[in-house]
Amino acid sequence: MAKKQSKWLWASAMLTYAFLYLPLVIVVLYSFNDSRLNAEWVGFTLKWYDKLFHNEKMLSAAANSLVIGILASFFSTIFGTLAGIALHRYKLKLLPFLVLTPIAIPELLMGVSLVIFFVIVNQLIGILELGFVTILLSHIAFCIGFVAIVVRARMQGMDDSLVEAARDLGASPFQAFRLITLPVIKPGIIAGALMAFTLSIDDFVITFFTAGAGASMLPLEIYSMIKIAVTPEVNAVSSLLMLLTLALIVIASRVSPSALRANG
């Protein structure tokens, strides 16, 4: 009986993984298809990648997304680390709600609320038009909660008595943080930063609402391309973005095994 259940479990697991990853494999495979259409396989070619790397509009959008991703991950890592430490040390009922709400609510709702907020602020002070800055602020607000979760998970595996012992021996709060807390949570900080960068560079919904008319971002360019047809060039840029995302997720999980879990 147990052996039969095991076979059914393996079969269901394989079907689930096939459903999840087979479309991704097809996207990568057809990025090498020597045909303008994805209707059938014609032959192997690298011309779509060559065309992609000579597409100035796409390269500009990719550069903008990289800059936004780096800046958003930098600032969200700072604020998210502080938030994660606070979540661990201070058992305030309101604090988890404030930190984790941006990642719990639907992105559609967050995108709409952010664009309304930016429009109101721009009407009041006239210095916050939709564009690069609003995208950056939105991505920071979105990513802080994810970094906080990873850092808090790392903090839960830390012995708080070490900090207390350091303070008893004369260390200042900053020295105790720098010499005790920071080395322990550093893998979580790195993993959180990589996760924030991945989320930022992949995000479409929030970027769509807060970009404005003139902003050029990679997810928006991909969306504008697939409105006509899913060409091999779209498959090529999707494959590269997929490769970057998976690489960062693997690095994050290796640096901190608890990076992809809500608790330690």
# chains A, B, ... in the order shown; residues from 1 in each chain; ligands from 1
call {"tool": "closest_atom_pairs", "arguments": {"of": "stretch 196-238 of chain A", "to": "stretch 53-70 of chain A", "cutoff": "8 Å", "atoms": "only C-alpha atoms", "output": "Markdown table"}}
result
| residue | atom | partner | partner_atom | distance |
| --- | --- | --- | --- | --- |
| A:Ala196 | CA | A:Gly69 | CA | 7.7 |
| A:Phe197 | CA | A:Gly69 | CA | 4.9 |
| A:Thr198 | CA | A:Gly69 | CA | 7.5 |
| A:Ser200 | CA | A:Gly69 | CA | 5.2 |
| A:Ile201 | CA | A:Gly69 | CA | 5.3 |
| A:Ser216 | CA | A:Ala61 | CA | 5.0 |
| A:Met217 | CA | A:Ala61 | CA | 4.4 |
| A:Leu218 | CA | A:Ala61 | CA | 4.8 |
| A:Glu221 | CA | A:Met58 | CA | 6.8 |
call {"tool": "closest_residue", "arguments": {"among": "A:Leu100, A:Leu37, A:Tyr30, A:Leu15", "to": "A:Ile144", "atoms": "only C-alpha atoms"}}
result
A:Leu100
call {"tool": "atom_distance", "arguments": {"atom1": "atom CA of A:Cys143", "atom2": "atom CA of A:Ile189"}}
result
12.7 Å
call {"tool": "residues_around", "arguments": {"residues": "stretch 125-131 of chain A", "least_positions_apart": "2", "cutoff": "7 Å", "atoms": "only C-alpha atoms", "output": "count of residues only"}}
result
11
call {"tool": "atom_distance", "arguments": {"atom1": "atom CA of A:Leu109", "atom2": "atom CA of A:Ala86"}}
result
26.5 Å
